[in-house]
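Below is one structure, written out as structure tokens; comments come after it.
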Amino acid sequence: MSKTKTSAEAAISSAPTDEASIREIIDKCKRETRIEYHYGDGFFKPRMRGINHLELGRSKIISSPITILIEWLYVQWKRVRDFFGDLGKRLFPREGRVWCDRVDSHLAGQTIFAGDRGDGAPIHHLHLEFWGRTWLGHWRKFGETKTDKEGYFRLPFDLRQARRLWVRRVYFEIQTTTRVYFHEGKPRFHFDVWRRVELPKGDLIGMDYNLRTIRLDFWRYREGAYTPRAKVNASGDEPEHYSQGRIDALMEQVIPIELTKIKHLDQIELDPGSLTIPEIQADYPMNLTTCIEKHLPGYTRGDEWFGERMMNGMNRGTFQPDAKKKGHYWIHYFGRCWYESNDVYALPDVDILFKLKKNGLPEPVEIHLTGKLNSHEHDPWKKRVYTPKDEPDWTYAKRVARVNGAFNTEVEEHFAGTHLNSEQFAVACYRNLKLNPVAALLMPHLKEVSLIDHAADKTLIGGYIAAATALTKEGLEQRTRDIMGMQDWKGWKPMTPISKAHSCAKAEALFWDVVGGYVDRFVEDWKDEIQKHWFEIYCFSEDLVNHAVPVAFTAPQDAPPKGAKWKALADRRFEYYCQQYSFDPTLERPVVNGERKAISRITAAKSFHEAGKEDWQNLKDACRYAIMMATYMHTWINEHQYDDLGEILYSCGGLRYGEKPEGIMAPESDYGIAPDLERSTQMLWFTNLLSRTEYGFITRNEEGDVNPHFAELLEAKREEFKSLGVDIDAIESRTNI
Amino acid sequence: MSSATHITLSQIERYWIHRFGDKLLLWVYAKLFAVMLALFLCFPKQQRMSHNNGIGAAGKLRIVDHPEFPAHPFFAPGREFPVRIRHASATFLDDAMNCIRSMSIKLSDHHFKSPFDIEMNSGEVSLFWSAASFLKFARLRGEKYGIEYRDYNRKYPNGLAGSMAAGRRHATSFHNLHYYCKTPFLYMGSDNIKRYAKYRVIPADNEPESGKEENPSEWDQCNQRILPHETRGRNYLKYEYEDRIRREGARYRLQIQTHPASDNEDPEVFNNMIVWDEDAHPWQDLGIITIDRTLDWKESTLTTFSVNNMPKTLGVLPAKSIFDYNSLNYLRAHSELARKARMLSYKVYGMVPPIPDNDNRNVSDWGV
């Protein structure tokens with residue numbers, strides 16, 4: 001062996017070993033790896049049209065100078081068009097005055113949700129307006145009303161006003177609340193026209209004019225979806241729209257990494273041998289683990305870091321006390337189970353036994369891997385136990401555990417637990433809350449989640465994860481459905497800290513308290529209006545319950561395969577998930593069409609005076625839960641993705657079996673088990689995209705839609721959060737990436 | 001000059017412009033409508049506007065001896081008039097279909113001249129309520145396959161309600177139906193107090209009304225076709241009426257409702273879709289109509305009714321626009337040309353034949 005030390009060896013020998021110095025390096029790396037993009041603003045810089053143009057492969061980037069020029073001209077044309085549009089609005093404002101001397105006629109009808117099999121439910125409390133436009137372009141409002149509880153409406157108007165000779169055209173408009181913003185502490189609702197129907201003026205002859213049953217594609221549930229989802233059309237823009245600020249922020253931040261990904265994909269296509277995993281890694285911004293490795297080589301592969309990240313990293317593991325050994329805890333990451341899977345990627349069950357150290361951080365003492373570890377094995381129940389004495393297998397087992405943990409966290413906690421969970425609240429909220437102030441409480445936190453979930457269907461569940469992990473798209477959908485079967489607002493509480501070092505759980509509890517205070521105050525402040533429009537709460541609750549998935553594994557189509565071992569696995573998963581998702585299996589739950597639903601009913605009463613004693617508190621708890629999931633719980637995982645999933649060889653979505661007999665129990669230098677080059681660049685692109693392209697924070701309140709009181713409550717806890725490693729300025733107000 | 005005065009002047013100007021424009025438009029519509037009827041329906045096809053399928057009869061009307069309605073010299077107690085009536089079904093030439101039935105009354109035994117005519121249909125409310133709605137109704141009305149009002153009813157729920165109220169299927173007799181003139185007329189009585197009046201006719205012996213359909217669906221109401229395996233003929237109601245008159249005659253009770261006029265009258269008073277509250281406006285007997293003979297087909301066809309045949313103090317109320325509820329009677333009053341064109345057609349082409357008893361059902365033409 002050469003006497004000259006390599007740079008790595010030199011770094012190892014000079015690396016500090018005391019806890020304070022190590023902590024200082026970690027903190028320094030956390031600061032350094034907070035990426036801020038400085039994307040130039042040159043005329044011919046590549047551009048992107050919108051979030052819906054993001055692709056797992058090559059996103060639609062405009063880079064050719066000619067195309068950029070044409071696109072610029074198109075944008076200028078749009079600006080001119082918008083200018084004249086705005087000018088028209090200023091010249092001919094739509095004033096609030098109602099032109100009516102005597103009501104003698106009505107527009108009548110009913111609004112219902114469109115359904116692909118017959119009629120949907122009635123749409124209550126939609127705001128309707130009847131407008132006319134004169135030959136000179138002036139707008140005249142002839143009347144307005146709202147649909148009743150059954151969706152029926154009779155909009156009153158003055159026939160003579162509508163039939164004046166100088167009124168050229170008349171329009172019936174269906175408007176809906178699209179945005180909520182706060183002004184002087186009070187919520188304001190912004191209405192947008194959902195549908196405008198031009199009526200034949202000559203058809204207005206007095207009495208009632210029947211517009212009949214109007215079927216609206218209004219926040220429609222997507223038929224055939226595994227979980228309650230909004231139906232989004234092919235362009236991906238309905239039923240809501242991203243705010244311009246959100247689009248701009250994403251475009252600004254995503255293009256540099258998109259260019260990197262495209263460069264890699266081109267290189268892989270033309271000459272795959274010219275690219276390696278380290279080169280891919282080097283092209284992306286440095287993440288936390290690569291940074292630490294630079295200063296403390298080998299540290300991130302050690303037991304100390306493993307335990308810390310399992311407790312307070314992206315995975316935020318659920319520690320289940322060991323029944324026999326005091327101070328010992330288990331974390332379980334379930335593998336492929338019975339879901340449809342491929343034979344390329346490994347995904348064994350992982351059970352990790354930890355011992356709490358004096359400083360409160362967990363130290364791994366055993367790792368149990370159950371299932372196939374190489375392509376030659378076929379026994380899904382084969383179990384191996386590794387301890388720190390079993391080096392180098394111990395190091396390999398930790399990598400397997402990290403990878404499985406990342407998969408579980410991404411698919412279950414992140415996508416199902418926050419994205420899909422928030423979406424079920426979002427759809428029910430937008431469909432039902434129109435006059436009730438609870439709309440102002442929830443909408444700012446639930447907006448845009450349906451759109452990003454729609455994008456995730458294509459790029460994540462149907463794209464990257466299905467191609468880079470063991471489960472197929474079908475398997476992933478069934479798995480997320482099962483996890484949704486463990487999500488309920490009733491009885492939910494944050495993770496209980498198991499030690500003084502469990503900062504993740506402490507911060508979660510702290511935020512839960514803040515949300516609780518905010519919701520309590522809001523609900524009490526708007527008590528009268530909320531109770532007055534209790535019918536909307538009833539409909540909100542009914543939609544939530546009726547469209548909710550059944551409790552995990554209880555419906556025939558969700559049941560595990562027959563056999564004692566599968567049943568035992570299902571029982572074990574159910575029991576663990578109960579703790580992980582704070583799901584109380586003993587609660588009485590609503591049964592709809594024979595299915596025991598996961599979500600509890602908020603109220604069964606259509607009016608507040610008929611409501612049960614618990615209903616008021618139920619409403620508070622449900623709102624608190626929805627906000628918690630859409631904000632903090634989502635932020636936690638999203639924020640830490642690049643930290644824990646930003647180094648290909650450290651962790652990834654799935655390890656390949658490879659060709660060797662040892663399979664995944666191999667060193668990081670064996671690229672045969674690491675993700676292939678395409679999956680590697682896509683992984684870093686994804687984790688960058690998800691962690692770093694954020695917009696919409698509670699304290700920054702970019703769009704003025706977050707209740708200032710919420711931000712004030714959070715601000716009051718800034719130092720407490722900081723001491724737990726949480727920057728309150730980085731907590732998202734909504735799930736939109 | 002103050003701004004208030006400006007506003008007042010502007011309002012007055014607008015009022016007169018609107019008033020003049022509306023009146024002009026109403027007149028043009030009414031005249032055009034009559035011309036179109038005359039040119040395209042009444043003369044070439046020798047048809048009435050709608051009620052072609054009918055039977056005439058004659059008798060007398062005796063005003064009640066002790067009237068409870070406001071006194072009027074025309075309706076002096078105990079006064080008797082010769083009377084002609086005509087029962088008809090609109091619009092199809094098939095009595096077994098679900099049709100609106102009518103009764104028109106003429107206080108003379110002449111086929112046109114009369115001091116007082118009144119036209120009434122079954123049902124308390126109408127299918128249309130103004131000239132504008134009537135023209136829309138006429139435009140959307142279909143006659144094919146016995147489905148007449150579907151397009152209209154889908155757009156206008158009040159029209160649907162009107163056809164539900166007025167449609168009669170399988171009536172046992174024209175005699176036991178209730179007939180209403182829904183748009184009010186002027187009633188300037190002996191006391192010179194201005195009132196509005198509505199009239200109706202019910203059977204004098206309070207025979208239960210027949211032919212009403214219970215809770216029909218929207219589609220049932222639009223489908224006026226004869227029922228499957230129908231055994232009633234195209235003329236069964238007319239034959240029944242002939243038999244009844246020959247056998248026992250027919251007696252009707254002519255009744256009146258009055259409403260005192262006020263300066264700021266709510267226009268809805270004139271709305272024929274709104275039934276006057278019977279507690280405030282009770283039906284009072286005006287007279288008894290006794291029918292003792294039916295008219296033959298020719299005389300029935302020649303017998304024609306007009307709202308213009310009324311004393312001035314009982315006439316048509318003025319209308320301001322095509323949307324005015326009174327414009328319906330205005331339109332009727334201006335359709336004389338159409339009637340004359342039909343009469344002329346009889347002279348030119350000869351009388352139309354009676355409706356044949358054949359299996360050509362659900363039609364609005366004679367068929368063979």
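The way I read the labels, and the way they are meant: chains A, B, ... in the order of the structure tokens, residue 1 as the first residue of every chain, and ligand 1 as the first ligand shown, with later ones counted on from there.
Near range 31-36 of chain B, within a cut-off of 9 Å and counting only C-alpha atoms, sit the residues B:Leu135, B:Leu331, B:Arg332, B:His334, B:Ser335, B:Glu336, B:Leu337, B:Ala338, B:Arg339, with same-chain residues fewer than 6 positions away left out.
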Give me, as JSON lines, each residue of chain A that comes within 9 Å of chain B, together with its shortest interatomic pair and the distance in Å at one decimal, counting only C-alpha atoms, with rows ordered by chain and rising residue number.
```
{"residue": "A:Asp104", "atom": "CA", "partner": "B:Glu268", "partner_atom": "CA", "distance": 8.3}
{"residue": "A:Ala108", "atom": "CA", "partner": "B:Pro157", "partner_atom": "CA", "distance": 8.6}
{"residue": "A:Leu159", "atom": "CA", "partner": "B:Phe323", "partner_atom": "CA", "distance": 8.2}
{"residue": "A:Arg160", "atom": "CA", "partner": "B:Phe323", "partner_atom": "CA", "distance": 7.9}
{"residue": "A:Gly202", "atom": "CA", "partner": "B:Lys136", "partner_atom": "CA", "distance": 8.5}
{"residue": "A:Asp203", "atom": "CA", "partner": "B:Lys136", "partner_atom": "CA", "distance": 7.5}
{"residue": "A:Leu204", "atom": "CA", "partner": "B:Ser133", "partner_atom": "CA", "distance": 8.5}
{"residue": "A:Ile205", "atom": "CA", "partner": "B:Ser133", "partner_atom": "CA", "distance": 5.3}
{"residue": "A:Gly206", "atom": "CA", "partner": "B:Phe323", "partner_atom": "CA", "distance": 7.1}
{"residue": "A:Met207", "atom": "CA", "partner": "B:Asn158", "partner_atom": "CA", "distance": 7.0}
{"residue": "A:Asp208", "atom": "CA", "partner": "B:Tyr156", "partner_atom": "CA", "distance": 6.0}
{"residue": "A:Tyr209", "atom": "CA", "partner": "B:Tyr156", "partner_atom": "CA", "distance": 5.2}
{"residue": "A:Asn210", "atom": "CA", "partner": "B:Lys155", "partner_atom": "CA", "distance": 4.8}
{"residue": "A:Leu211", "atom": "CA", "partner": "B:Lys155", "partner_atom": "CA", "distance": 6.9}
{"residue": "A:Arg212", "atom": "CA", "partner": "B:Arg154", "partner_atom": "CA", "distance": 7.6}
```
Non-local contacts of Arg234 in chain B (8 Å; only C-alpha atoms; under 2 positions in same chain excluded) as a ChimeraX atom specification: /B:93-96,232,236,355-358,361
Test item: residues at most 9 Å from Pro67 in chain B, only C-alpha atoms, excluding those fewer than 2 positions along its chain, as a PDB file with N, CA, C and O atoms, in the first residue's frame:
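Output file selection14.pdb follows:
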```pdb
ATOM      1  N   ILE B  63    -130.274  36.246 -16.546  1.00  0.00           N
ATOM      2  CA  ILE B  63    -129.525  36.843 -15.441  1.00  0.00           C
ATOM      3  C   ILE B  63    -130.281  36.549 -14.151  1.00  0.00           C
ATOM      4  O   ILE B  63    -131.524  36.559 -14.127  1.00  0.00           O
ATOM      5  N   VAL B  64    -129.490  36.278 -13.097  1.00  0.00           N
ATOM      6  CA  VAL B  64    -130.135  35.905 -11.827  1.00  0.00           C
ATOM      7  C   VAL B  64    -131.037  37.042 -11.329  1.00  0.00           C
ATOM      8  O   VAL B  64    -130.795  38.226 -11.600  1.00  0.00           O
ATOM      9  N   ASP B  65    -132.067  36.655 -10.580  1.00  0.00           N
ATOM     10  CA  ASP B  65    -133.031  37.659 -10.100  1.00  0.00           C
ATOM     11  C   ASP B  65    -132.458  38.512  -8.973  1.00  0.00           C
ATOM     12  O   ASP B  65    -132.837  39.667  -8.805  1.00  0.00           O
ATOM     13  N   PHE B  69    -123.406  40.355  -7.360  1.00  0.00           N
ATOM     14  CA  PHE B  69    -122.286  41.082  -7.951  1.00  0.00           C
ATOM     15  C   PHE B  69    -122.689  42.543  -8.121  1.00  0.00           C
ATOM     16  O   PHE B  69    -123.894  42.863  -8.118  1.00  0.00           O
ATOM     17  N   PRO B  70    -121.687  43.434  -8.294  1.00  0.00           N
ATOM     18  CA  PRO B  70    -122.025  44.858  -8.444  1.00  0.00           C
ATOM     19  C   PRO B  70    -122.979  45.078  -9.621  1.00  0.00           C
ATOM     20  O   PRO B  70    -122.802  44.479 -10.695  1.00  0.00           O
ATOM     21  N   ALA B  71    -123.940  45.914  -9.388  1.00  0.00           N
ATOM     22  CA  ALA B  71    -124.992  46.109 -10.409  1.00  0.00           C
ATOM     23  C   ALA B  71    -124.399  46.670 -11.700  1.00  0.00           C
ATOM     24  O   ALA B  71    -123.472  47.486 -11.688  1.00  0.00           O
ATOM     25  N   PHE B  75    -126.296  43.607 -17.187  1.00  0.00           N
ATOM     26  CA  PHE B  75    -126.666  42.363 -16.504  1.00  0.00           C
ATOM     27  C   PHE B  75    -127.809  42.658 -15.515  1.00  0.00           C
ATOM     28  O   PHE B  75    -127.727  42.321 -14.331  1.00  0.00           O
ATOM     29  N   ALA B  76    -128.865  43.262 -16.021  1.00  0.00           N
ATOM     30  CA  ALA B  76    -130.001  43.611 -15.160  1.00  0.00           C
ATOM     31  C   ALA B  76    -130.663  42.336 -14.654  1.00  0.00           C
ATOM     32  O   ALA B  76    -130.743  41.345 -15.389  1.00  0.00           O
ATOM     33  N   PRO B  77    -131.134  42.322 -13.413  1.00  0.00           N
ATOM     34  CA  PRO B  77    -131.731  41.106 -12.844  1.00  0.00           C
ATOM     35  C   PRO B  77    -132.884  40.598 -13.705  1.00  0.00           C
ATOM     36  O   PRO B  77    -133.728  41.381 -14.160  1.00  0.00           O
ATOM     37  N   GLN B 284    -119.603  34.725  -7.995  1.00  0.00           N
ATOM     38  CA  GLN B 284    -121.021  35.007  -7.790  1.00  0.00           C
ATOM     39  C   GLN B 284    -121.796  34.678  -9.051  1.00  0.00           C
ATOM     40  O   GLN B 284    -121.298  34.903 -10.168  1.00  0.00           O
ATOM     41  N   ASP B 285    -122.993  34.123  -8.842  1.00  0.00           N
ATOM     42  CA  ASP B 285    -123.801  33.719 -10.009  1.00  0.00           C
ATOM     43  C   ASP B 285    -124.192  34.950 -10.815  1.00  0.00           C
ATOM     44  O   ASP B 285    -124.688  35.942 -10.273  1.00  0.00           O
ATOM     45  N   LEU B 286    -123.968  34.840 -12.124  1.00  0.00           N
ATOM     46  CA  LEU B 286    -124.372  35.924 -13.021  1.00  0.00           C
ATOM     47  C   LEU B 286    -125.668  35.554 -13.732  1.00  0.00           C
ATOM     48  O   LEU B 286    -126.566  36.374 -13.911  1.00  0.00           O
ATOM     49  N   GLY B 287    -125.752  34.290 -14.155  1.00  0.00           N
ATOM     50  CA  GLY B 287    -126.964  33.849 -14.829  1.00  0.00           C
ATOM     51  C   GLY B 287    -126.939  32.360 -15.082  1.00  0.00           C
ATOM     52  O   GLY B 287    -125.923  31.700 -14.832  1.00  0.00           O
TER      53      GLY B 287
END
```
Rank nothing, just name the residue among A:Asp343, A:Leu587, A:Val514, A:Thr178 nearest to Asn374 in chain A, using only C-alpha atoms.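 Selected residue with least distance to Asn374 in chain A: A:Asp343.
Each of A:His127, A:Arg31, A:Arg58, A:Arg195 was checked against Lys261 in chain A using only C-alpha atoms; the smallest atom-to-atom distance is that of A:Arg58.
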Within 9 Å of Leu544 in chain A, counting only C-alpha atoms, which residues show up once you throw out same-chain ones fewer than 5 positions away? Write them as an mmCIF file with C-alpha atoms, in the first residue's frame, please.
```cif
data_model
loop_
_atom_site.group_PDB
_atom_site.id
_atom_site.type_symbol
_atom_site.label_atom_id
_atom_site.label_comp_id
_atom_site.auth_asym_id
_atom_site.auth_seq_id
_atom_site.Cartn_x
_atom_site.Cartn_y
_atom_site.Cartn_z
ATOM 1 C CA PRO A 228 -61.271 10.455 -3.369
ATOM 2 C CA GLN A 424 -60.074 14.573 -0.011
ATOM 3 C CA PHE A 425 -60.663 17.548 2.269
ATOM 4 C CA VAL A 427 -62.683 18.427 -2.876
ATOM 5 C CA ALA A 428 -65.277 18.255 -0.115
ATOM 6 C CA CYS A 429 -64.458 21.824 0.903
ATOM 7 C CA CYS A 539 -72.716 18.406 3.159
ATOM 8 C CA ILE A 599 -63.136 9.084 7.944
ATOM 9 C CA SER A 600 -65.451 9.886 10.809
ATOM 10 C CA ARG A 601 -68.551 11.974 10.373
#
```
Show which residues sit within 10 Å of Leu373 in chain A, as a PyMOL selection string. Count only C-alpha atoms, and ignore same-chain residues fewer than 6 positions away. chain A and resi 345-348+379-380+382-384+400+655-658+661-665
For the residues selected in the previous step, produce a file with all heavy atoms as a short mmCIF file (atom, residue, chain, number, x, y, z; two decimals), in the first residue's frame.
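Result file is again33.cif:
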```
data_model
loop_
_atom_site.label_atom_id
_atom_site.label_comp_id
_atom_site.auth_asym_id
_atom_site.auth_seq_id
_atom_site.Cartn_x
_atom_site.Cartn_y
_atom_site.Cartn_z
N TYR A 345 -36.49 -4.52 -8.67
CA TYR A 345 -36.11 -3.81 -7.44
C TYR A 345 -36.46 -4.65 -6.20
O TYR A 345 -37.49 -5.32 -6.16
CB TYR A 345 -36.84 -2.47 -7.34
CG TYR A 345 -36.38 -1.48 -8.39
CD1 TYR A 345 -37.04 -1.38 -9.60
CD2 TYR A 345 -35.27 -0.67 -8.17
CE1 TYR A 345 -36.63 -0.49 -10.57
CE2 TYR A 345 -34.84 0.23 -9.13
CZ TYR A 345 -35.53 0.32 -10.33
OH TYR A 345 -35.11 1.19 -11.28
N ALA A 346 -35.59 -4.53 -5.21
CA ALA A 346 -35.83 -5.22 -3.93
C ALA A 346 -36.66 -4.32 -3.02
O ALA A 346 -36.55 -3.09 -3.08
CB ALA A 346 -34.50 -5.52 -3.26
N LEU A 347 -37.48 -4.94 -2.22
CA LEU A 347 -38.22 -4.17 -1.20
C LEU A 347 -38.61 -5.13 -0.07
O LEU A 347 -39.77 -5.51 0.08
CB LEU A 347 -39.46 -3.51 -1.82
CG LEU A 347 -40.13 -2.46 -0.93
CD1 LEU A 347 -39.22 -1.26 -0.67
CD2 LEU A 347 -41.43 -1.99 -1.56
N PRO A 348 -37.62 -5.54 0.72
CA PRO A 348 -37.95 -6.45 1.83
C PRO A 348 -38.59 -5.68 2.98
O PRO A 348 -38.49 -4.45 3.04
CB PRO A 348 -36.57 -6.98 2.24
CG PRO A 348 -35.63 -5.88 1.89
CD PRO A 348 -36.20 -5.20 0.67
N ASP A 379 -38.23 -16.96 -1.64
CA ASP A 379 -39.03 -17.08 -0.42
C ASP A 379 -39.30 -15.68 0.15
O ASP A 379 -38.39 -15.00 0.64
CB ASP A 379 -38.26 -17.92 0.63
CG ASP A 379 -39.06 -18.07 1.91
OD1 ASP A 379 -40.23 -17.62 1.93
OD2 ASP A 379 -38.52 -18.64 2.88
N PRO A 380 -40.55 -15.26 0.07
CA PRO A 380 -40.85 -13.91 0.58
C PRO A 380 -40.81 -13.81 2.09
O PRO A 380 -40.93 -12.72 2.64
CB PRO A 380 -42.26 -13.66 0.03
CG PRO A 380 -42.86 -15.00 -0.12
CD PRO A 380 -41.74 -15.95 -0.43
N LYS A 382 -38.34 -15.29 4.05
CA LYS A 382 -37.00 -15.56 4.60
C LYS A 382 -36.50 -14.34 5.39
O LYS A 382 -36.52 -13.22 4.89
CB LYS A 382 -36.03 -15.88 3.48
CG LYS A 382 -34.67 -16.32 3.98
CD LYS A 382 -33.80 -16.81 2.85
CE LYS A 382 -32.44 -17.24 3.39
NZ LYS A 382 -31.57 -17.70 2.31
N LYS A 383 -36.06 -14.60 6.61
CA LYS A 383 -35.68 -13.50 7.50
C LYS A 383 -34.20 -13.57 7.85
O LYS A 383 -33.67 -14.66 8.09
CB LYS A 383 -36.52 -13.60 8.77
CG LYS A 383 -36.41 -12.41 9.69
CD LYS A 383 -37.43 -12.56 10.81
CE LYS A 383 -37.60 -11.29 11.56
NZ LYS A 383 -38.74 -11.35 12.47
N ARG A 384 -33.54 -12.40 7.86
CA ARG A 384 -32.14 -12.32 8.28
C ARG A 384 -32.03 -11.22 9.32
O ARG A 384 -32.67 -10.18 9.20
CB ARG A 384 -31.22 -11.97 7.11
CG ARG A 384 -31.17 -13.03 6.03
CD ARG A 384 -31.15 -12.31 4.71
NE ARG A 384 -30.95 -13.23 3.61
CZ ARG A 384 -31.89 -13.48 2.70
NH1 ARG A 384 -33.09 -12.94 2.78
NH2 ARG A 384 -31.63 -14.29 1.69
N VAL A 400 -30.15 -0.63 3.08
CA VAL A 400 -31.45 -1.21 2.69
C VAL A 400 -32.56 -0.58 3.54
O VAL A 400 -33.63 -0.23 3.04
CB VAL A 400 -31.43 -2.75 2.87
CG1 VAL A 400 -32.81 -3.34 2.66
CG2 VAL A 400 -30.42 -3.38 1.93
N LEU A 655 -33.41 -0.29 -4.45
CA LEU A 655 -32.14 -0.90 -4.87
C LEU A 655 -32.47 -2.07 -5.80
O LEU A 655 -33.38 -2.85 -5.52
CB LEU A 655 -31.38 -1.41 -3.65
CG LEU A 655 -30.79 -0.35 -2.72
CD1 LEU A 655 -30.21 -1.03 -1.47
CD2 LEU A 655 -29.72 0.47 -3.42
N ARG A 656 -31.68 -2.18 -6.86
CA ARG A 656 -31.91 -3.29 -7.79
C ARG A 656 -31.25 -4.56 -7.25
O ARG A 656 -30.24 -4.49 -6.54
CB ARG A 656 -31.34 -2.93 -9.15
CG ARG A 656 -32.09 -1.80 -9.84
CD ARG A 656 -31.55 -1.52 -11.20
NE ARG A 656 -30.21 -0.93 -11.13
CZ ARG A 656 -29.43 -0.76 -12.20
NH1 ARG A 656 -29.84 -1.15 -13.38
NH2 ARG A 656 -28.25 -0.21 -12.07
N TYR A 657 -31.84 -5.71 -7.61
CA TYR A 657 -31.24 -6.98 -7.16
C TYR A 657 -29.84 -7.15 -7.74
O TYR A 657 -28.97 -7.72 -7.10
CB TYR A 657 -32.11 -8.15 -7.63
CG TYR A 657 -33.40 -8.27 -6.88
CD1 TYR A 657 -34.62 -8.25 -7.54
CD2 TYR A 657 -33.40 -8.46 -5.49
CE1 TYR A 657 -35.82 -8.39 -6.86
CE2 TYR A 657 -34.59 -8.60 -4.79
CZ TYR A 657 -35.80 -8.56 -5.49
OH TYR A 657 -36.97 -8.69 -4.81
N GLY A 658 -29.64 -6.67 -8.95
CA GLY A 658 -28.35 -6.89 -9.61
C GLY A 658 -28.22 -8.34 -10.06
O GLY A 658 -29.17 -9.11 -9.98
N PRO A 661 -24.92 -12.97 -6.52
CA PRO A 661 -25.66 -13.76 -5.52
C PRO A 661 -25.96 -12.98 -4.24
O PRO A 661 -26.97 -13.20 -3.59
CB PRO A 661 -24.72 -14.93 -5.22
CG PRO A 661 -23.65 -14.89 -6.23
CD PRO A 661 -23.64 -13.56 -6.88
N GLU A 662 -25.09 -12.04 -3.91
CA GLU A 662 -25.33 -11.29 -2.66
C GLU A 662 -26.43 -10.24 -2.83
O GLU A 662 -26.92 -9.68 -1.86
CB GLU A 662 -24.06 -10.63 -2.15
CG GLU A 662 -23.40 -9.66 -3.09
CD GLU A 662 -22.35 -10.31 -3.98
OE1 GLU A 662 -22.51 -11.51 -4.30
OE2 GLU A 662 -21.39 -9.63 -4.38
N GLY A 663 -26.80 -9.97 -4.06
CA GLY A 663 -27.92 -9.06 -4.32
C GLY A 663 -27.68 -7.68 -3.75
O GLY A 663 -26.61 -7.07 -3.99
N ILE A 664 -28.63 -7.20 -2.95
CA ILE A 664 -28.55 -5.82 -2.44
C ILE A 664 -27.62 -5.71 -1.23
O ILE A 664 -27.36 -4.60 -0.77
CB ILE A 664 -29.94 -5.26 -2.09
CG1 ILE A 664 -30.65 -6.15 -1.06
CG2 ILE A 664 -30.76 -5.08 -3.34
CD1 ILE A 664 -31.96 -5.58 -0.56
N MET A 665 -27.17 -6.83 -0.71
CA MET A 665 -26.24 -6.77 0.42
C MET A 665 -24.83 -6.60 -0.13
O MET A 665 -23.97 -7.49 -0.05
CB MET A 665 -26.34 -8.06 1.26
CG MET A 665 -27.71 -8.23 1.88
SD MET A 665 -28.18 -6.86 2.95
CE MET A 665 -27.14 -7.18 4.36
#
```
DSSP alpha helix (DSSP H) residues within range 17-127 of chain A, listed as a ChimeraX atom specification: /A:19-32,65-91
Which residues are close to range 291-303 of chain B, i.e. within 7 Å by only C-alpha atoms, leaving aside same-chain residues fewer than 4 positions away? Reply as a list in words.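 Everything that qualifies: Ile55, Gly56, Ala57, Ala58, Gly59, Lys60, His111, Phe112, Glu242, Ile245, Arg246, Gly249, Ala250, Arg251 and Pro354 of chain B.
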Hey, what does DSSP flag as strand (DSSP E or B) within range 99-145 of chain A? Can you give it to me as a PyMOL selection string? chain A and resi 105-113+122+127-134+139-145
Selected residue, from A:Lys324, A:His190, A:Arg481, A:His376, that lies nearest to Thr554 in chain A when counting only C-alpha atoms: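 Nearest candidate to Thr554 in chain A out of A:Lys324, A:His190, A:Arg481, A:His376: A:Arg481.
Residue nearest Lys194 in chain B within the list B:Arg84, B:His72, B:His229, B:Lys23: B:His72 [criterion: smallest interatomic distance, only C-alpha atoms].
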